$ cat run.cif   # mmCIF, C-alpha atoms
data_query
#
loop_
_atom_site.group_PDB
_atom_site.id
_atom_site.type_symbol
_atom_site.label_atom_id
_atom_site.label_comp_id
_atom_site.auth_asym_id
_atom_site.auth_seq_id
_atom_site.Cartn_x
_atom_site.Cartn_y
_atom_site.Cartn_z
ATOM 1 C CA MET A 417 40.034 -13.103 -36.616
ATOM 2 C CA LYS A 418 36.408 -13.563 -37.645
ATOM 3 C CA THR A 419 35.774 -15.656 -34.541
ATOM 4 C CA ILE A 420 37.256 -12.954 -32.309
ATOM 5 C CA ALA A 421 35.176 -10.286 -34.052
ATOM 6 C CA TRP A 422 31.976 -12.313 -33.539
ATOM 7 C CA MET A 423 32.825 -12.885 -29.882
ATOM 8 C CA ALA A 424 33.403 -9.149 -29.402
ATOM 9 C CA LEU A 425 30.091 -8.346 -31.098
ATOM 10 C CA PHE A 426 28.260 -10.900 -28.923
ATOM 11 C CA ALA A 427 29.805 -9.359 -25.795
ATOM 12 C CA LEU A 428 28.605 -5.911 -26.867
ATOM 13 C CA VAL A 429 25.073 -7.205 -27.469
ATOM 14 C CA VAL A 430 24.954 -8.850 -24.039
ATOM 15 C CA ALA A 431 26.312 -5.723 -22.378
ATOM 16 C CA GLY A 432 23.772 -3.611 -24.241
ATOM 17 C CA SER A 433 20.959 -5.880 -23.134
ATOM 18 C CA THR A 434 22.074 -5.589 -19.522
ATOM 19 C CA VAL A 435 21.996 -1.810 -19.758
ATOM 20 C CA ALA A 436 18.670 -1.763 -21.598
ATOM 21 C CA PHE A 437 16.822 -4.045 -19.251
ATOM 22 C CA GLY A 438 18.642 -3.256 -16.014
ATOM 23 C CA LYS A 439 19.856 -5.607 -13.340
ATOM 24 C CA ASP A 440 17.500 -7.558 -11.151
ATOM 25 C CA LEU A 441 17.791 -6.735 -7.477
ATOM 26 C CA SER A 442 17.674 -9.141 -4.578
ATOM 27 C CA PRO A 443 14.456 -9.202 -2.497
ATOM 28 C CA ARG A 444 16.405 -7.439 0.261
ATOM 29 C CA GLU A 445 17.531 -4.671 -2.106
ATOM 30 C CA ILE A 446 13.988 -4.236 -3.425
ATOM 31 C CA TYR A 447 12.610 -4.013 0.106
ATOM 32 C CA GLU A 448 15.179 -1.441 1.238
ATOM 33 C CA GLN A 449 14.527 0.646 -1.878
ATOM 34 C CA VAL A 450 10.732 0.466 -2.050
ATOM 35 C CA ALA A 451 9.319 -0.177 1.451
ATOM 36 C CA PRO A 452 9.670 3.478 2.598
ATOM 37 C CA GLY A 453 7.175 4.407 -0.142
ATOM 38 C CA VAL A 454 4.586 1.892 1.089
ATOM 39 C CA VAL A 455 1.993 3.020 3.650
ATOM 40 C CA MET A 456 -0.667 1.398 5.771
ATOM 41 C CA VAL A 457 -4.172 2.799 5.139
ATOM 42 C CA MET A 458 -7.093 2.692 7.587
ATOM 43 C CA GLY A 459 -10.638 3.971 7.215
ATOM 44 C CA TYR A 460 -13.137 4.510 10.011
ATOM 45 C CA ALA A 461 -16.902 4.970 9.964
ATOM 46 C CA GLU A 462 -18.642 7.725 11.906
ATOM 47 C CA GLY A 463 -18.942 7.166 15.630
ATOM 48 C CA GLY A 464 -16.175 4.597 15.822
ATOM 49 C CA GLY A 465 -18.052 1.872 13.971
ATOM 50 C CA LYS A 466 -16.558 -0.679 11.636
ATOM 51 C CA GLY A 467 -13.547 0.177 9.549
ATOM 52 C CA SER A 468 -11.175 -1.175 6.960
ATOM 53 C CA GLY A 469 -7.441 -1.558 6.545
ATOM 54 C CA GLY A 470 -5.015 -2.184 3.739
ATOM 55 C CA THR A 471 -1.881 -1.032 1.960
ATOM 56 C CA GLY A 472 -1.081 1.847 -0.372
ATOM 57 C CA SER A 473 1.826 3.086 -2.493
ATOM 58 C CA ILE A 474 3.050 6.680 -2.565
ATOM 59 C CA ILE A 475 3.200 7.395 -6.303
ATOM 60 C CA GLN A 476 4.010 11.111 -6.166
ATOM 61 C CA SER A 477 6.359 12.802 -3.714
ATOM 62 C CA ASP A 478 3.773 15.397 -2.619
ATOM 63 C CA GLY A 479 1.691 12.622 -1.054
ATOM 64 C CA LEU A 480 -0.474 10.976 -3.723
ATOM 65 C CA VAL A 481 -1.241 7.398 -2.751
ATOM 66 C CA LEU A 482 -2.628 4.595 -4.919
ATOM 67 C CA THR A 483 -4.647 1.846 -3.233
ATOM 68 C CA ASN A 484 -7.763 -0.310 -3.654
ATOM 69 C CA ALA A 485 -11.213 1.266 -3.585
ATOM 70 C CA HIS A 486 -12.485 -1.432 -1.211
ATOM 71 C CA VAL A 487 -9.902 -0.306 1.375
ATOM 72 C CA VAL A 488 -11.283 3.254 1.586
ATOM 73 C CA ILE A 489 -14.927 2.945 0.480
ATOM 74 C CA GLU A 490 -17.504 1.977 3.094
ATOM 75 C CA GLU A 491 -19.434 -1.041 1.861
ATOM 76 C CA GLN A 492 -22.769 0.005 3.384
ATOM 77 C CA THR A 493 -22.786 3.531 1.927
ATOM 78 C CA GLY A 494 -20.643 3.182 -1.185
ATOM 79 C CA LYS A 495 -18.845 6.376 -0.130
ATOM 80 C CA PRO A 496 -15.384 7.075 1.314
ATOM 81 C CA TYR A 497 -14.950 6.511 5.037
ATOM 82 C CA ALA A 498 -15.525 9.618 7.156
ATOM 83 C CA ARG A 499 -11.959 9.419 8.429
ATOM 84 C CA LEU A 500 -8.912 8.066 6.642
ATOM 85 C CA SER A 501 -5.433 7.680 8.093
ATOM 86 C CA ALA A 502 -2.170 6.631 6.497
ATOM 87 C CA PHE A 503 0.864 5.426 8.394
ATOM 88 C CA LEU A 504 4.382 6.023 7.110
ATOM 89 C CA LYS A 505 6.980 3.321 7.552
ATOM 90 C CA PRO A 506 9.282 3.682 10.563
ATOM 91 C CA VAL A 507 13.029 3.390 10.094
ATOM 92 C CA ARG A 508 12.798 -0.112 11.561
ATOM 93 C CA VAL A 509 9.698 -2.271 11.991
ATOM 94 C CA THR A 510 9.729 -3.857 15.453
ATOM 95 C CA GLY A 511 6.434 -5.750 15.665
ATOM 96 C CA GLU A 512 5.032 -3.304 18.239
ATOM 97 C CA SER A 513 2.147 -1.615 16.453
ATOM 98 C CA LYS A 514 2.182 1.372 18.827
ATOM 99 C CA SER A 515 5.658 2.386 17.690
ATOM 100 C CA ASP A 516 5.446 1.016 14.153
ATOM 101 C CA LEU A 517 2.320 3.119 13.484
ATOM 102 C CA ALA A 518 3.534 6.285 15.220
ATOM 103 C CA ARG A 519 3.905 8.303 11.992
ATOM 104 C CA MET A 520 0.232 8.910 11.157
ATOM 105 C CA VAL A 521 -1.034 11.455 8.650
ATOM 106 C CA ARG A 522 -4.596 12.242 7.573
ATOM 107 C CA ALA A 523 -5.699 11.318 4.080
ATOM 108 C CA LYS A 524 -8.632 12.095 1.798
ATOM 109 C CA VAL A 525 -10.018 10.406 -1.301
ATOM 110 C CA LEU A 526 -9.525 12.348 -4.529
ATOM 111 C CA ALA A 527 -10.950 9.758 -6.933
ATOM 112 C CA TYR A 528 -12.053 6.150 -6.976
ATOM 113 C CA SER A 529 -13.417 3.452 -9.250
ATOM 114 C CA GLN A 530 -15.190 0.503 -7.688
ATOM 115 C CA PRO A 531 -15.300 -1.551 -10.927
ATOM 116 C CA LEU A 532 -11.499 -1.342 -11.221
ATOM 117 C CA ASP A 533 -11.068 -1.368 -7.429
ATOM 118 C CA LEU A 534 -8.733 1.649 -7.521
ATOM 119 C CA ALA A 535 -8.587 4.761 -5.350
ATOM 120 C CA LEU A 536 -6.366 7.834 -5.322
ATOM 121 C CA LEU A 537 -5.641 9.430 -1.945
ATOM 122 C CA LYS A 538 -3.919 12.646 -0.889
ATOM 123 C CA LEU A 539 -1.886 12.744 2.306
ATOM 124 C CA GLU A 540 -2.514 15.981 4.196
ATOM 125 C CA GLY A 541 0.131 18.104 5.877
ATOM 126 C CA VAL A 542 3.037 16.926 3.711
ATOM 127 C CA THR A 543 5.933 19.370 4.077
ATOM 128 C CA GLU A 544 8.718 17.623 2.175
ATOM 129 C CA ALA A 545 9.215 15.157 -0.635
ATOM 130 C CA LEU A 546 8.215 11.616 0.278
ATOM 131 C CA PRO A 547 9.783 8.469 -1.198
ATOM 132 C CA VAL A 548 7.726 7.036 -4.040
ATOM 133 C CA VAL A 549 7.036 3.672 -5.656
ATOM 134 C CA ASP A 550 7.628 3.739 -9.417
ATOM 135 C CA LEU A 551 4.960 2.320 -11.706
ATOM 136 C CA SER A 552 6.430 0.144 -14.453
ATOM 137 C CA GLU A 553 4.999 -0.905 -17.793
ATOM 138 C CA SER A 554 3.250 -4.154 -16.930
ATOM 139 C CA GLY A 555 3.380 -5.185 -20.586
ATOM 140 C CA LEU A 556 7.041 -6.074 -20.055
ATOM 141 C CA ALA A 557 6.201 -8.604 -17.334
ATOM 142 C CA ARG A 558 5.782 -12.235 -18.329
ATOM 143 C CA ILE A 559 4.519 -15.448 -16.774
ATOM 144 C CA GLY A 560 7.357 -16.917 -14.740
ATOM 145 C CA ASP A 561 8.928 -13.552 -13.843
ATOM 146 C CA HIS A 562 9.934 -13.189 -10.225
ATOM 147 C CA VAL A 563 7.887 -10.640 -8.252
ATOM 148 C CA VAL A 564 7.637 -9.494 -4.637
ATOM 149 C CA ALA A 565 4.878 -7.840 -2.620
ATOM 150 C CA ILE A 566 5.039 -5.486 0.353
ATOM 151 C CA GLY A 567 2.041 -5.051 2.637
ATOM 152 C CA HIS A 568 0.402 -5.712 5.984
ATOM 153 C CA PRO A 569 -1.114 -9.225 5.940
ATOM 154 C CA GLU A 570 -3.333 -10.008 8.920
ATOM 155 C CA GLN A 571 -1.741 -12.231 11.546
ATOM 156 C CA GLY A 572 1.629 -11.344 10.021
ATOM 157 C CA GLY A 573 3.903 -8.347 10.356
ATOM 158 C CA LEU A 574 3.548 -4.775 9.207
ATOM 159 C CA TRP A 575 5.509 -3.987 6.031
ATOM 160 C CA THR A 576 5.873 -7.683 5.260
ATOM 161 C CA LEU A 577 7.819 -8.840 2.182
ATOM 162 C CA THR A 578 6.648 -11.926 0.274
ATOM 163 C CA THR A 579 8.097 -13.405 -2.906
ATOM 164 C CA GLY A 580 6.841 -15.450 -5.832
ATOM 165 C CA VAL A 581 6.279 -15.373 -9.583
ATOM 166 C CA ILE A 582 3.648 -14.261 -12.059
ATOM 167 C CA SER A 583 1.528 -17.361 -12.599
ATOM 168 C CA ALA A 584 -0.991 -16.305 -15.260
ATOM 169 C CA GLU A 585 -2.700 -13.359 -16.937
ATOM 170 C CA VAL A 586 -6.445 -12.712 -16.955
ATOM 171 C CA ASP A 587 -8.161 -10.081 -19.100
ATOM 172 C CA ASN A 588 -11.477 -8.474 -18.086
ATOM 173 C CA PHE A 589 -11.279 -9.965 -14.580
ATOM 174 C CA ASN A 590 -14.695 -10.860 -13.093
ATOM 175 C CA GLY A 591 -16.341 -9.631 -16.283
ATOM 176 C CA VAL A 592 -15.152 -6.021 -15.888
ATOM 177 C CA ARG A 593 -13.961 -4.748 -19.261
ATOM 178 C CA GLY A 594 -10.416 -3.395 -19.104
ATOM 179 C CA LYS A 595 -9.721 -4.902 -15.672
ATOM 180 C CA ASP A 596 -6.652 -6.911 -16.638
ATOM 181 C CA VAL A 597 -4.806 -8.712 -13.865
ATOM 182 C CA PHE A 598 -1.839 -10.913 -13.107
ATOM 183 C CA GLN A 599 -2.391 -14.103 -11.169
ATOM 184 C CA THR A 600 0.451 -14.696 -8.714
ATOM 185 C CA GLU A 601 1.383 -17.250 -6.086
ATOM 186 C CA THR A 602 3.160 -14.535 -4.094
ATOM 187 C CA GLY A 603 1.837 -14.716 -0.525
ATOM 188 C CA LEU A 604 -1.037 -12.245 -0.174
ATOM 189 C CA ASN A 605 -3.678 -11.992 2.555
ATOM 190 C CA ARG A 606 -6.245 -9.532 3.844
ATOM 191 C CA GLY A 607 -4.292 -6.377 4.650
ATOM 192 C CA ASN A 608 -2.169 -6.639 1.477
ATOM 193 C CA SER A 609 -5.026 -5.065 -0.506
ATOM 194 C CA GLY A 610 -3.883 -2.007 -2.456
ATOM 195 C CA GLY A 611 -0.192 -2.748 -2.026
ATOM 196 C CA PRO A 612 2.411 -3.028 -4.779
ATOM 197 C CA LEU A 613 3.435 -6.106 -6.741
ATOM 198 C CA LEU A 614 7.037 -5.382 -7.763
ATOM 199 C CA ASP A 615 9.252 -6.708 -10.537
ATOM 200 C CA GLY A 616 12.920 -7.629 -10.237
ATOM 201 C CA GLU A 617 13.997 -3.993 -10.539
ATOM 202 C CA GLY A 618 11.673 -2.853 -7.754
ATOM 203 C CA HIS A 619 9.096 -1.247 -10.042
ATOM 204 C CA MET A 620 5.368 -1.725 -9.478
ATOM 205 C CA VAL A 621 3.799 -3.942 -12.133
ATOM 206 C CA GLY A 622 0.557 -4.512 -10.250
ATOM 207 C CA VAL A 623 -1.781 -3.380 -7.472
ATOM 208 C CA ASN A 624 -2.701 -6.342 -5.261
ATOM 209 C CA THR A 625 -6.465 -6.575 -5.266
ATOM 210 C CA ALA A 626 -7.978 -10.032 -4.646
ATOM 211 C CA ILE A 627 -7.313 -13.468 -3.182
ATOM 212 C CA ALA A 628 -8.951 -16.864 -3.651
ATOM 213 C CA ARG A 629 -9.122 -18.937 -0.482
ATOM 214 C CA VAL A 630 -12.107 -21.313 -0.520
ATOM 215 C CA ALA A 631 -13.555 -23.276 -3.436
ATOM 216 C CA PRO A 632 -17.324 -23.706 -3.938
ATOM 217 C CA ASP A 633 -17.094 -27.176 -2.369
ATOM 218 C CA GLY A 634 -15.444 -25.705 0.734
ATOM 219 C CA LEU A 635 -11.950 -26.974 0.047
ATOM 220 C CA PRO A 636 -9.138 -24.470 0.724
ATOM 221 C CA ILE A 637 -7.378 -22.764 -2.182
ATOM 222 C CA THR A 638 -3.730 -21.777 -1.840
ATOM 223 C CA SER A 639 -1.352 -19.582 -3.839
ATOM 224 C CA ILE A 640 -4.048 -17.998 -6.009
ATOM 225 C CA SER A 641 -4.041 -14.197 -5.774
ATOM 226 C CA PHE A 642 -4.636 -11.396 -8.247
ATOM 227 C CA SER A 643 -2.970 -8.069 -8.924
ATOM 228 C CA LEU A 644 -4.373 -5.366 -11.211
ATOM 229 C CA LYS A 645 -1.866 -4.605 -13.950
ATOM 230 C CA SER A 646 -0.018 -1.300 -13.592
ATOM 231 C CA SER A 647 -0.956 -0.378 -17.166
ATOM 232 C CA VAL A 648 -4.618 -0.316 -16.086
ATOM 233 C CA ALA A 649 -3.768 1.859 -13.070
ATOM 234 C CA THR A 650 -1.637 4.226 -15.174
ATOM 235 C CA LYS A 651 -4.443 4.725 -17.713
ATOM 236 C CA TRP A 652 -6.983 5.328 -14.927
ATOM 237 C CA LEU A 653 -4.676 7.841 -13.238
ATOM 238 C CA LYS A 654 -4.225 9.663 -16.548
ATOM 239 C CA ASP A 655 -8.015 9.865 -16.871
ATOM 240 C CA GLN A 656 -7.988 11.633 -13.473
ATOM 241 C CA GLY A 657 -5.418 14.155 -14.719
ATOM 242 C CA VAL A 658 -2.480 12.547 -12.917
ATOM 243 C CA VAL A 659 0.598 11.993 -15.076
ATOM 244 C CA LEU A 660 3.455 10.502 -13.098
ATOM 245 C CA ARG A 661 6.940 11.896 -13.514
ATOM 246 C CA GLY A 662 8.957 8.975 -12.125
ATOM 247 C CA ARG A 663 10.969 8.700 -8.949
ATOM 248 C CA GLN A 664 11.389 12.114 -7.344
ATOM 249 C CA LEU A 665 13.921 11.619 -4.562
ATOM 250 C CA PRO A 666 17.658 11.923 -5.234
ATOM 251 C CA ALA A 667 19.581 8.668 -5.314
ATOM 252 C CA GLY A 668 20.400 7.349 -1.882
ATOM 253 C CA GLN A 669 17.620 9.234 -0.059
ATOM 254 C CA THR A 670 15.040 6.753 1.137
ATOM 255 C CA GLN A 671 12.718 8.618 3.488
ATOM 256 C CA PRO A 672 12.341 11.851 5.499
ATOM 257 C CA ALA A 673 13.672 12.091 9.021
ATOM 258 C CA ALA A 674 11.379 10.415 11.523
ATOM 259 C CA ASP A 675 11.334 13.497 13.746
ATOM 260 C CA GLN A 676 10.017 15.700 10.940
ATOM 261 C CA PRO A 677 6.404 14.739 10.296
ATOM 262 C CA PRO A 678 5.084 15.140 6.897
ATOM 263 C CA ALA A 679 2.224 21.463 5.084
ATOM 264 C CA GLN A 680 0.189 21.440 2.206
ATOM 265 C CA PRO A 681 1.878 21.670 -1.230
ATOM 266 C CA PRO A 682 -0.100 22.528 -4.376
ATOM 267 C CA GLN A 683 -2.609 19.758 -4.883
ATOM 268 C CA PRO A 684 -3.558 18.066 -8.145
ATOM 269 C CA GLN A 685 -7.158 18.309 -9.162
ATOM 270 C CA PRO A 686 -8.194 14.900 -10.476
ATOM 271 C CA LYS A 687 -11.895 14.536 -11.106
ATOM 272 C CA PRO A 688 -13.810 12.171 -8.815
ATOM 273 C CA VAL A 689 -15.115 8.986 -10.341
ATOM 274 C CA SER A 690 -18.622 8.179 -9.267
ATOM 275 C CA PRO A 691 -19.211 4.665 -7.956
ATOM 276 C CA PRO A 692 -21.468 2.445 -10.046
ATOM 277 C CA GLN A 693 -25.146 2.578 -9.256
ATOM 278 C CA ALA A 694 -26.032 -0.663 -8.309
ATOM 279 C CA ASP A 695 -11.265 -5.445 5.703
ATOM 280 C CA LEU A 696 -0.685 -1.209 33.581
ATOM 281 C CA SER A 697 1.346 -1.785 35.602
ATOM 282 C CA PRO A 698 0.342 -3.801 38.755
ATOM 283 C CA LYS A 699 -0.313 -2.243 42.130
ATOM 284 C CA PRO A 700 2.777 -2.066 44.395
ATOM 285 C CA THR A 701 3.204 -4.844 46.937
ATOM 286 C CA ILE A 702 5.552 -5.335 49.876
ATOM 287 C CA LYS A 703 7.890 -7.421 47.737
ATOM 288 C CA PRO A 704 9.141 -5.855 44.550
ATOM 289 C CA GLN A 705 7.892 -7.557 41.414
ATOM 290 C CA VAL A 706 9.757 -8.071 38.176
ATOM 291 C CA ILE A 707 7.490 -7.140 35.281
ATOM 292 C CA GLN A 708 8.162 -9.132 32.129
ATOM 293 C CA PRO A 709 7.708 -7.226 28.862
ATOM 294 C CA ALA A 710 4.672 -8.205 26.809
ATOM 295 C CA PRO A 711 5.580 -10.626 24.028
ATOM 296 C CA VAL A 712 5.621 -9.250 20.498
ATOM 297 C CA ARG A 713 2.924 -11.002 18.474
ATOM 298 C CA PRO A 714 1.630 -10.682 14.903
ATOM 299 C CA TYR A 715 -0.928 -7.921 14.742
ATOM 300 C CA ASN A 716 -4.653 -8.611 14.537
ATOM 301 C CA LEU A 717 -6.093 -6.453 11.766
ATOM 302 C CA ASP A 718 -9.647 -6.345 13.119
ATOM 303 C CA GLU A 719 -8.496 -5.464 16.640
ATOM 304 C CA LEU A 720 -6.172 -2.781 15.318
ATOM 305 C CA ILE A 721 -8.921 -1.201 13.212
ATOM 306 C CA SER A 722 -11.356 -1.380 16.159
ATOM 307 C CA ASP A 723 -8.861 0.260 18.536
ATOM 308 C CA ARG A 724 -8.111 3.033 16.062
ATOM 309 C CA ALA A 725 -11.798 3.580 15.323
ATOM 310 C CA LYS A 726 -12.493 3.920 19.063
ATOM 311 C CA THR A 727 -9.670 6.459 19.351
ATOM 312 C CA GLU A 728 -11.168 8.450 16.483
ATOM 313 C CA ALA A 729 -14.632 8.329 18.099
ATOM 314 C CA ASP A 730 -13.207 9.499 21.438
ATOM 315 C CA LEU A 731 -11.466 12.369 19.661
ATOM 316 C CA ASP A 732 -14.700 13.368 17.907
ATOM 317 C CA SER A 733 -16.556 13.311 21.237
ATOM 318 C CA MET A 734 -13.892 15.438 22.927
ATOM 319 C CA MET A 735 -13.899 18.000 20.109
ATOM 320 C CA SER A 736 -17.702 18.171 20.165
ATOM 321 C CA GLU A 737 -17.672 18.731 23.931
ATOM 322 C CA MET A 738 -15.060 21.491 23.613
ATOM 323 C CA ARG A 739 -17.099 23.247 20.932
ATOM 324 C CA GLY A 740 -20.158 23.050 23.193
ATOM 325 C CA ARG A 741 -18.258 24.664 26.052
ATOM 326 C CA MET A 742 -16.992 27.420 23.793
ATOM 327 C CA LYS A 743 -20.543 28.234 22.684
ATOM 328 C CA GLY A 744 -21.731 28.290 26.310
ATOM 329 C CA ARG A 745 -19.287 31.031 27.323
#
$ encode --input "run.cif" --output "structure tokens"
Amino acid sequence: MKTIAWMALFALVVAGSTVAFGKDLSPREIYEQVAPGVVMVMGYAEGGGKGSGGTGSIIQSDGLVLTNAHVVIEEQTGKPYARLSAFLKPVRVTGESKSDLARMVRAKVLAYSQPLDLALLKLEGVTEALPVVDLSESGLARIGDHVVAIGHPEQGGLWTLTTGVISAEVDNFNGVRGKDVFQTETGLNRGNSGGPLLDGEGHMVGVNTAIARVAPDGLPITSISFSLKSSVATKWLKDQGVVLRGRQLPAGQTQPAADQPPAQPPQPQPKPVSPPQADLSPKPTIKPQVIQPAPVRPYNLDELISDRAKTEADLDSMMSEMRGRMKGR
């Protein structure tokens, strides 16, 4: 009888642990749950000059997005790019950037910290609740835990999923006090910057922020990337007056209808953080021609940013010309 009683008690403890800590999801389940809350972020300089691209996570259903400062801050000026755009995930990613990036919304920087490499954005024109990525307590994560990342690595696909483990922990990364990071061998590349590092339950334990690729002697480095711990991001957000309330969409709802683009809800008022002083068809012929569709290829981040920057510059020029005509009447 004692043996049976001990076995029953052990079963209860195991069951309780499963409830307390939750059940790990498969990478596919994590992707289906979290990817709709991940956005692509692009910044453009005035006049269609150079720009930057990266990844962001919607952390509040009214359109607050967490990303890296280096994705949205122009290196030459140390200020936010003149124009920022965010792209919401389509129902299905096809590899054709024109259709995959059809759901564009404007964004603006509310706060940023270059030492921590964090930035808080607000999506404009949001009319309904957006799916969010939950921030977890990174203190629960341990070396060896399985993690996944979602982002837009150059020469890869948009909304790409990569898997790996937490490899190490580093406090005060690059000499910045309080900048605590996870090292991970999860595949990260330029374009993943600002995206989420997710634990087995699909909660964000880190913000992907840096990669190591070449050693001082010129030899390549592989599988060494760094993700800012979510505890650092949560504290910084709290300092800006943003206290997250957890996932805000009902269970089973993953994203708004694609034909209903994201009007302006009440906006939070986080205080800005100052930067420290100190990424045709051919002509007809007699014989009919069969036109083969263009092959789908991995996107080129620099070309994509350049094309978008040119589009923004053309739009600025058109608006300026229209205003000139209106004044001349």
$ atom_distance --input "run.cif" --atom1 "atom CA of Leu556 of chain A" --atom2 "atom CA of Met620 of chain A"
11.6 Å
$ residues_around --input "run.cif" --residues "Asn588 of chain A" --least-positions-apart "4" --cutoff "12 Å" --atoms "all atoms listed in the file" --output "ChimeraX atom specification"
/A:531-532,592-598,644-645,648
$ resolve_selection --input "run.cif" --expression "the PyMOL selection byres ((chain A and resi 477-493) around 8)" --output "ChimeraX atom specification"
/A:457-459,461,467-476,494-497,500,525,528-530,533-540,542,544-548,609-611,623,625,664-665,681,695
$ atom_distance --input "run.cif" --atom1 "atom CA of Ile627 of chain A" --atom2 "atom CA of Asn590 of chain A"
12.6 Å
$ resolve_selection --input "run.cif" --expression "the PyMOL selection byres ((chain A and resi 561-566) around 6)" --output "JSON list (two decimals) with C-alpha atoms, in the coordinates of the input"
[["chain", "number", "residue", "atom", "x", "y", "z"],
["A", 558, "ARG", "CA", 5.78, -12.24, -18.33],
["A", 559, "ILE", "CA", 4.52, -15.45, -16.77],
["A", 560, "GLY", "CA", 7.36, -16.92, -14.74],
["A", 567, "GLY", "CA", 2.04, -5.05, 2.64],
["A", 575, "TRP", "CA", 5.51, -3.99, 6.03],
["A", 576, "THR", "CA", 5.87, -7.68, 5.26],
["A", 577, "LEU", "CA", 7.82, -8.84, 2.18],
["A", 578, "THR", "CA", 6.65, -11.93, 0.27],
["A", 579, "THR", "CA", 8.10, -13.40, -2.91],
["A", 580, "GLY", "CA", 6.84, -15.45, -5.83],
["A", 581, "VAL", "CA", 6.28, -15.37, -9.58],
["A", 582, "ILE", "CA", 3.65, -14.26, -12.06],
["A", 612, "PRO", "CA", 2.41, -3.03, -4.78],
["A", 613, "LEU", "CA", 3.44, -6.11, -6.74],
["A", 614, "LEU", "CA", 7.04, -5.38, -7.76],
["A", 615, "ASP", "CA", 9.25, -6.71, -10.54]]
$ atom_distance --input "run.cif" --atom1 "atom CA of Leu504 of chain A" --atom2 "atom CA of Val621 of chain A"
21.7 Å
$ closest_residue --input "run.cif" --among "A:Val659, A:Val586, A:Val549, A:Ala527" --to "Glu448 of chain A" --atoms "all atoms listed in the file"
A:Val549
$ closest_residue --input "run.cif" --among "A:Leu574, A:Val521, A:Val507, A:Leu604" --to "Ile640 of chain A" --atoms "only C-alpha atoms"
A:Leu604
$ closest_residue --input "run.cif" --among "A:Leu526, A:Val509, A:Leu517, A:Ala502" --to "Gly541 of chain A" --atoms "all atoms listed in the file"
A:Ala502
$ axis_aligned_box --input "run.cif" --around "segment 568-587 of chain A" --padding-each-side "5 Å" --output "AutoDock Vina command-line options"
--center_x 0.0 --center_y -10.7 --center_z -3.8 --size_x 26.3 --size_y 23.4 --size_z 40.6
$ closest_residue --input "run.cif" --among "A:Gly591, A:Pro443, A:Pro636, A:Pro569" --to "Arg606 of chain A" --atoms "all atoms listed in the file"
A:Pro569
$ decode --input "run.cif" --residues "segment 600-634 of chain A" --atoms "C-alpha atoms" --output "CSV table (one decimal), in the first residue's frame"
chain,number,residue,atom,x,y,z
A,600,THR,CA,22.8,31.0,-29.4
A,601,GLU,CA,23.7,28.9,-32.4
A,602,THR,CA,20.2,29.4,-33.8
A,603,GLY,CA,20.7,30.5,-37.5
A,604,LEU,CA,20.7,34.3,-37.5
A,605,ASN,CA,21.8,36.7,-40.3
A,606,ARG,CA,21.4,40.3,-41.3
A,607,GLY,CA,17.7,40.9,-41.5
A,608,ASN,CA,17.0,38.9,-38.3
A,609,SER,CA,17.9,42.0,-36.3
A,610,GLY,CA,15.2,43.0,-33.8
A,611,GLY,CA,13.3,39.7,-34.2
A,612,PRO,CA,12.2,37.3,-31.4
A,613,LEU,CA,14.1,34.4,-29.9
A,614,LEU,CA,11.4,32.1,-28.6
A,615,ASP,CA,11.4,29.4,-26.0
A,616,GLY,CA,9.6,26.0,-26.3
A,617,GLU,CA,6.3,27.5,-25.4
A,618,GLY,CA,6.5,30.2,-28.1
A,619,HIS,CA,7.3,33.0,-25.7
A,620,MET,CA,10.0,35.6,-26.4
A,621,VAL,CA,13.1,35.2,-24.2
A,622,GLY,CA,15.3,37.4,-26.3
A,623,VAL,CA,15.6,40.1,-29.0
A,624,ASN,CA,18.1,39.1,-31.7
A,625,THR,CA,20.7,41.8,-31.9
A,626,ALA,CA,24.2,40.7,-33.1
A,627,ILE,CA,26.1,38.1,-35.0
A,628,ALA,CA,29.8,37.1,-35.2
A,629,ARG,CA,31.0,36.1,-38.6
A,630,VAL,CA,34.7,36.9,-39.1
A,631,ALA,CA,37.5,36.5,-36.6
A,632,PRO,CA,40.3,39.1,-36.3
A,633,ASP,CA,42.6,36.8,-38.4
A,634,GLY,CA,39.9,36.7,-41.1
